[in-house]
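Structure record follows, encoded as structure tokens.
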Amino acid sequence: MTSQRRYPVLARSALLTATLLLSPATGTVTADQTGNQQAAAHLQENQLSEKAKRTEQKLQMLFPALDDTSRHITLETKDQPVYEIRYEKNNEFFARAYIHAETGKLLTYLLDDKDLENPDDKLAYKSADTFMEGWIGEMRSLYKVTRAPAGDVIYTRYVNGIEVVGDEFRLSVNSTGQVTHVSGGENTLTNIDPADFLPPAQAMKKDQLSHFIAPRLQLMYTHDENQTDLVYSSVDSGYIDAVTGAKLLTIRKYGNWRWKPISLTPGGKVLKVTNEQEAVRIYESEFGMSLKGSTLNGFHNEMESIYFSPDEKELLVAKDGDVIGFTSYSNAPPQKGKATLSEKQVLEKAVQFMQPYLKQEEKEFYYILNTDEENPNKYEVKFVPSVEGLPLVYGRCIVIRVNGFTGKIIGYFQVLDQKPAKLPDKRKAVSIDAAAKALLAKPTELRYIYPFVNGERLAKPVLAYYIVGNNINALTGKVEE
């Protein structure tokens with residue numbers, strides 16, 4: 001099952017830890033940092049779209065307690081047009097609903113419920129079924145029902161005995177049998193015509209998949225505190241067209257995953273900082289980031305020192321007195337339209353910036369370049385050490401963010417772990433074909449999905465094989481659990 005975005009998402013905390021300086025925020029970041037968050041428009045009930053009105057009316061029918069509430073409606077437009085309806089009773093929060101403005105689809109309904117006890121299975125299923133029959137009527141028969149360990153009742157649609165990924169409902173029921181939370185999947189009721197679903201008999205046989213899996217594996221070292229392993233990485237989308245063998249993407253923009261080698265010329269330059277004044281000088285003169293007359297305040301702990309502007313839009317990080325990174329929000333004003341820099345130019349900008357700060361022994365790296373067509377201010381290049389001609393992944397790395405319009409470096413973070421003293425012998429690795437077959441020995445299921453092509457989700461489902469994305473131990477040929 002795909003994960004369903006719940007509204008609202010939590011904003012990032014004000015003071016970022018150094019290791020998250022250059023990583024995209026998990027939730028929605030604040031408006032003054034990205035400029036992408038649009039102010040929500042406050043609306044009256046009669047301003048809802050007709051489809052959203054019908055959904056809201058159905059909610060009131062199934063939850064009569066909503067009749068005795070006041071409503072506060074806003075329209076969010078950042079990712080998609082979504083109505084947030086906040087229900088209040090006696091000036092206190094009572095419930096909240098998120099409804100897609102164009103389709104009228106209910107994304108989430110949440111009741112402010114203090115009952116944290118789970119009901120028994122019989123009560124949970126009975127209450128959930130009563131709601132589902134009222135919500136979608138006869139279409140309830142299209143869904144199989146299960147109960148999650150956490151207590152939710154989940155309705156998943158199957159066609160031809162095959163799961164339709166993202167076509168689901170998830171309900172929470174309290175100990176009295178009251179439905180307190182409802183959320184729909186990304187593809188809920190997208191298609192109900194069985195003719196749109198390719199029969200499973202047209203899928204290739206499982207033993208034919210190996211030919212398509214092998215090109216998506218990469219031999220690499222992985223390192224943690226205790227050991228270094230030699231693995232075939234199978235980091236990929238997880239879905240393969242069951243007829244053609246093509247890779248299928250289930251998100252709009254899928255980042256590059258294959259590491260590419262590159263040789264660099266280290267400069268050995270080290271930046272020292274011991275106080276706020278030095279931090280300001282380095283931030284402006286060394287990195288070219290304007291503070292516009294502002295200062296940087298220092299925060300110190302056993303791990304590192306963080307220097308940040310009063311508005312927290314500029315941060316400089318040091319470890320043991322050595323500068324290891326910075327990030328700037330105000331020096332990268334958001335711009336609309338397609339980025340003017342190519343991926344090659346973004347890589348060149350990143351290399352040009354980082355080379356002076358590399359140690360003399362840091363000459364070979366592998367890199368991944370991730371671009372984001374929806375936000376050209378977020379191009380990111382990640383570098384990991386090349387060890388014995390293979391990427392060493394999952395240790396610390398170097399990350400550089402480049403503005404896709406100006407080529408300006410707007411973020412930099414580097415911490416490289418010491419290279420392991422002992423490495424597995426790569427000459428003893430099993431063949432890549434053997435690794436692919438080991439991966440396919442794991443449960444490989446047919447599913448119907450709605451993939452993205454050229455950034456747009458297909459309207460009709462595609463029959464696909466879901467491939468487990470675990471690594472394969474290159475010495476034993478066994479799939480890691």
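Labels for the structure tokens follow display order: chains A, B, ..., residues from 1 in each chain, ligands from 1.
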
Which of region 143-358 of chain A DSSP labels helix (DSSP H, G or I), written as JSON, numbers by chain: {"A": [194, 195, 196, 200, 201, 202, 206, 207, 208, 210, 211, 212, 213, 214, 215, 216, 276, 277, 278, 279, 280, 281, 282, 283, 284, 285, 286, 343, 344, 345, 346, 347, 348, 349, 350, 351, 352, 353, 354, 355, 356, 357]}

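CA of Tyr232 (chain A) is found 5.2 Å from CA of Gln218 (chain A).
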
Residues within 9 Å of Tyr283 (chain A), only C-alpha atoms, excluding chain neighbours under 5 positions, as a list in words: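 The contact residues come out as Glu278, Gly288, Met289, Ser290, Leu291, Glu314, Leu315, Leu316 and Phe326 of chain A.
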
Selected residues written out, C-alpha atoms, as a PDB file, in the first residue's frame:
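Generated output (result_11.pdb):
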```
ATOM      1  CA  GLU A 278      34.628  34.977  12.459  1.00  0.00           C
ATOM      2  CA  GLY A 288      29.451  34.906  -0.651  1.00  0.00           C
ATOM      3  CA  MET A 289      26.249  34.865   1.379  1.00  0.00           C
ATOM      4  CA  SER A 290      24.908  38.306   2.257  1.00  0.00           C
ATOM      5  CA  LEU A 291      23.692  38.810   5.827  1.00  0.00           C
ATOM      6  CA  GLU A 314      21.161  31.662   7.628  1.00  0.00           C
ATOM      7  CA  LEU A 315      23.130  28.921   9.400  1.00  0.00           C
ATOM      8  CA  LEU A 316      26.822  28.079   9.627  1.00  0.00           C
ATOM      9  CA  PHE A 326      26.161  26.263   5.839  1.00  0.00           C
TER      10      PHE A 326
END
```

Any idea what's packed within 9 Å of region 301-311 of chain A, counting only C-alpha atoms, ignoring anything in its chain fewer than 3 positions away? Could you give it as an mmCIF file with all heavy atoms, in the first residue's frame?
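Written output follows (out12.cif):
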```
data_model
loop_
_atom_site.group_PDB
_atom_site.id
_atom_site.type_symbol
_atom_site.label_atom_id
_atom_site.label_comp_id
_atom_site.auth_asym_id
_atom_site.auth_seq_id
_atom_site.Cartn_x
_atom_site.Cartn_y
_atom_site.Cartn_z
ATOM 1 N N LEU A 15 15.244 25.563 14.946
ATOM 2 C CA LEU A 15 16.688 25.368 14.949
ATOM 3 C C LEU A 15 17.011 23.999 14.387
ATOM 4 O O LEU A 15 16.742 22.983 14.987
ATOM 5 C CB LEU A 15 17.233 25.497 16.374
ATOM 6 C CG LEU A 15 18.764 25.431 16.495
ATOM 7 C CD1 LEU A 15 19.400 26.547 15.667
ATOM 8 C CD2 LEU A 15 19.186 25.561 17.940
ATOM 9 N N THR A 17 19.192 20.822 13.171
ATOM 10 C CA THR A 17 20.452 20.181 13.509
ATOM 11 C C THR A 17 21.320 20.160 12.269
ATOM 12 O O THR A 17 20.842 20.203 11.146
ATOM 13 C CB THR A 17 20.221 18.738 13.989
ATOM 14 O OG1 THR A 17 19.598 18.015 12.930
ATOM 15 C CG2 THR A 17 19.343 18.704 15.213
ATOM 16 N N ALA A 18 22.617 20.068 12.484
ATOM 17 C CA ALA A 18 23.539 20.198 11.370
ATOM 18 C C ALA A 18 23.326 19.141 10.311
ATOM 19 O O ALA A 18 23.435 19.408 9.119
ATOM 20 C CB ALA A 18 24.977 20.112 11.883
ATOM 21 N N ASN A 275 34.308 32.166 16.974
ATOM 22 C CA ASN A 275 33.352 33.114 17.546
ATOM 23 C C ASN A 275 32.417 33.645 16.464
ATOM 24 O O ASN A 275 32.571 33.347 15.272
ATOM 25 C CB ASN A 275 34.082 34.266 18.248
ATOM 26 C CG ASN A 275 35.055 34.982 17.316
ATOM 27 O OD1 ASN A 275 34.703 35.384 16.203
ATOM 28 N ND2 ASN A 275 36.303 35.144 17.769
ATOM 29 N N GLU A 276 31.444 34.445 16.894
ATOM 30 C CA GLU A 276 30.415 34.960 15.994
ATOM 31 C C GLU A 276 30.989 35.873 14.920
ATOM 32 O O GLU A 276 30.534 35.857 13.766
ATOM 33 C CB GLU A 276 29.337 35.694 16.790
ATOM 34 C CG GLU A 276 28.401 34.803 17.579
ATOM 35 C CD GLU A 276 28.993 34.312 18.892
ATOM 36 O OE1 GLU A 276 30.173 34.636 19.171
ATOM 37 O OE2 GLU A 276 28.289 33.591 19.635
ATOM 38 N N ALA A 279 32.504 33.845 12.243
ATOM 39 C CA ALA A 279 31.428 33.176 11.503
ATOM 40 C C ALA A 279 30.830 34.103 10.461
ATOM 41 O O ALA A 279 30.583 33.706 9.313
ATOM 42 C CB ALA A 279 30.354 32.680 12.469
ATOM 43 N N VAL A 280 30.611 35.368 10.834
ATOM 44 C CA VAL A 280 30.068 36.357 9.898
ATOM 45 C C VAL A 280 31.028 36.564 8.735
ATOM 46 O O VAL A 280 30.626 36.605 7.558
ATOM 47 C CB VAL A 280 29.783 37.685 10.613
ATOM 48 C CG1 VAL A 280 29.470 38.786 9.603
ATOM 49 C CG2 VAL A 280 28.621 37.528 11.595
ATOM 50 N N LEU A 291 24.485 38.762 4.595
ATOM 51 C CA LEU A 291 23.692 38.810 5.827
ATOM 52 C C LEU A 291 22.914 40.110 5.945
ATOM 53 O O LEU A 291 22.144 40.299 6.890
ATOM 54 C CB LEU A 291 24.604 38.641 7.043
ATOM 55 C CG LEU A 291 25.184 37.240 7.239
ATOM 56 C CD1 LEU A 291 26.258 37.247 8.322
ATOM 57 C CD2 LEU A 291 24.089 36.257 7.599
ATOM 58 N N SER A 294 22.967 41.845 9.208
ATOM 59 C CA SER A 294 22.580 41.061 10.370
ATOM 60 C C SER A 294 23.806 40.410 10.999
ATOM 61 O O SER A 294 24.924 40.523 10.516
ATOM 62 C CB SER A 294 21.569 39.989 9.955
ATOM 63 O OG SER A 294 21.137 39.264 11.091
ATOM 64 N N THR A 295 23.602 39.704 12.096
ATOM 65 C CA THR A 295 24.675 39.016 12.813
ATOM 66 C C THR A 295 24.369 37.520 12.860
ATOM 67 O O THR A 295 23.307 37.073 12.420
ATOM 68 C CB THR A 295 24.800 39.552 14.244
ATOM 69 O OG1 THR A 295 23.548 39.344 14.935
ATOM 70 C CG2 THR A 295 25.136 41.032 14.250
ATOM 71 N N LEU A 296 25.302 36.756 13.403
ATOM 72 C CA LEU A 296 25.091 35.337 13.637
ATOM 73 C C LEU A 296 25.272 35.050 15.121
ATOM 74 O O LEU A 296 26.261 35.475 15.720
ATOM 75 C CB LEU A 296 26.081 34.496 12.820
ATOM 76 C CG LEU A 296 25.922 34.528 11.297
ATOM 77 C CD1 LEU A 296 27.040 33.718 10.639
ATOM 78 C CD2 LEU A 296 24.565 33.995 10.872
ATOM 79 N N ASN A 297 24.324 34.361 15.704
ATOM 80 C CA ASN A 297 24.403 33.982 17.105
ATOM 81 C C ASN A 297 24.907 32.542 17.218
ATOM 82 O O ASN A 297 24.563 31.692 16.402
ATOM 83 C CB ASN A 297 23.029 34.103 17.779
ATOM 84 C CG ASN A 297 22.462 35.508 17.658
ATOM 85 O OD1 ASN A 297 23.154 36.479 17.922
ATOM 86 N ND2 ASN A 297 21.206 35.613 17.240
ATOM 87 N N GLY A 298 25.698 32.278 18.227
ATOM 88 C CA GLY A 298 26.291 30.955 18.374
ATOM 89 C C GLY A 298 25.528 30.059 19.328
ATOM 90 O O GLY A 298 25.046 30.510 20.377
ATOM 91 N N GLU A 314 19.767 31.920 7.978
ATOM 92 C CA GLU A 314 21.161 31.662 7.628
ATOM 93 C C GLU A 314 21.803 30.847 8.747
ATOM 94 O O GLU A 314 21.678 31.195 9.925
ATOM 95 C CB GLU A 314 21.933 32.979 7.459
ATOM 96 C CG GLU A 314 21.175 34.077 6.726
ATOM 97 C CD GLU A 314 20.859 33.706 5.286
ATOM 98 O OE1 GLU A 314 21.675 32.990 4.675
ATOM 99 O OE2 GLU A 314 19.796 34.109 4.791
ATOM 100 N N LEU A 315 22.485 29.758 8.400
ATOM 101 C CA LEU A 315 23.130 28.921 9.400
ATOM 102 C C LEU A 315 24.516 28.499 8.933
ATOM 103 O O LEU A 315 24.715 28.144 7.771
ATOM 104 C CB LEU A 315 22.297 27.670 9.683
ATOM 105 C CG LEU A 315 20.899 27.891 10.246
ATOM 106 C CD1 LEU A 315 19.859 27.677 9.163
ATOM 107 C CD2 LEU A 315 20.626 26.932 11.400
ATOM 108 N N LEU A 316 25.458 28.549 9.857
ATOM 109 C CA LEU A 316 26.822 28.079 9.627
ATOM 110 C C LEU A 316 27.142 27.055 10.701
ATOM 111 O O LEU A 316 26.841 27.264 11.883
ATOM 112 C CB LEU A 316 27.806 29.250 9.704
ATOM 113 C CG LEU A 316 29.269 28.922 9.407
ATOM 114 C CD1 LEU A 316 29.491 28.845 7.904
ATOM 115 C CD2 LEU A 316 30.184 29.971 10.023
ATOM 116 N N VAL A 317 27.752 25.923 10.324
ATOM 117 C CA VAL A 317 27.991 24.838 11.267
ATOM 118 C C VAL A 317 29.474 24.511 11.308
ATOM 119 O O VAL A 317 30.158 24.471 10.279
ATOM 120 C CB VAL A 317 27.200 23.573 10.866
ATOM 121 C CG1 VAL A 317 27.394 22.478 11.901
ATOM 122 C CG2 VAL A 317 25.723 23.907 10.735
ATOM 123 N N ALA A 318 29.994 24.281 12.527
ATOM 124 C CA ALA A 318 31.402 23.914 12.714
ATOM 125 C C ALA A 318 31.494 22.721 13.648
ATOM 126 O O ALA A 318 30.651 22.536 14.532
ATOM 127 C CB ALA A 318 32.183 25.092 13.287
ATOM 128 N N LYS A 319 32.523 21.912 13.441
ATOM 129 C CA LYS A 319 32.807 20.788 14.306
ATOM 130 C C LYS A 319 34.273 20.857 14.706
ATOM 131 O O LYS A 319 35.153 20.929 13.837
ATOM 132 C CB LYS A 319 32.518 19.465 13.592
ATOM 133 C CG LYS A 319 32.705 18.242 14.482
ATOM 134 C CD LYS A 319 32.289 16.976 13.760
ATOM 135 C CE LYS A 319 32.424 15.762 14.680
ATOM 136 N NZ LYS A 319 32.013 14.510 13.994
ATOM 137 N N ASP A 320 34.523 20.880 16.020
ATOM 138 C CA ASP A 320 35.889 21.031 16.541
ATOM 139 C C ASP A 320 36.568 22.258 15.951
ATOM 140 O O ASP A 320 37.768 22.259 15.673
ATOM 141 C CB ASP A 320 36.721 19.777 16.246
ATOM 142 C CG ASP A 320 36.155 18.531 16.908
ATOM 143 O OD1 ASP A 320 35.604 18.653 18.012
ATOM 144 O OD2 ASP A 320 36.258 17.446 16.304
ATOM 145 N N GLY A 321 35.798 23.313 15.753
ATOM 146 C CA GLY A 321 36.348 24.557 15.247
ATOM 147 C C GLY A 321 36.487 24.639 13.741
ATOM 148 O O GLY A 321 36.801 25.706 13.199
#
```

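Considering only C-alpha atoms, the residue among A:Gln360, A:Asn226, A:Asn91, A:Asn331 positioned nearest to Lys269 (chain A) is A:Gln360.
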
Given only C-alpha atoms as the counted atoms, nearest of A:Val273, A:Val351, A:Met139, A:Ala339 to Thr406 (chain A):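 Closest residue, counting only C-alpha atoms: A:Ala339.
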
Best match for closeness to Phe287 (chain A) among A:Gln345, A:Asn187, A:Thr327, A:Asn256, counting only C-alpha atoms: A:Thr327
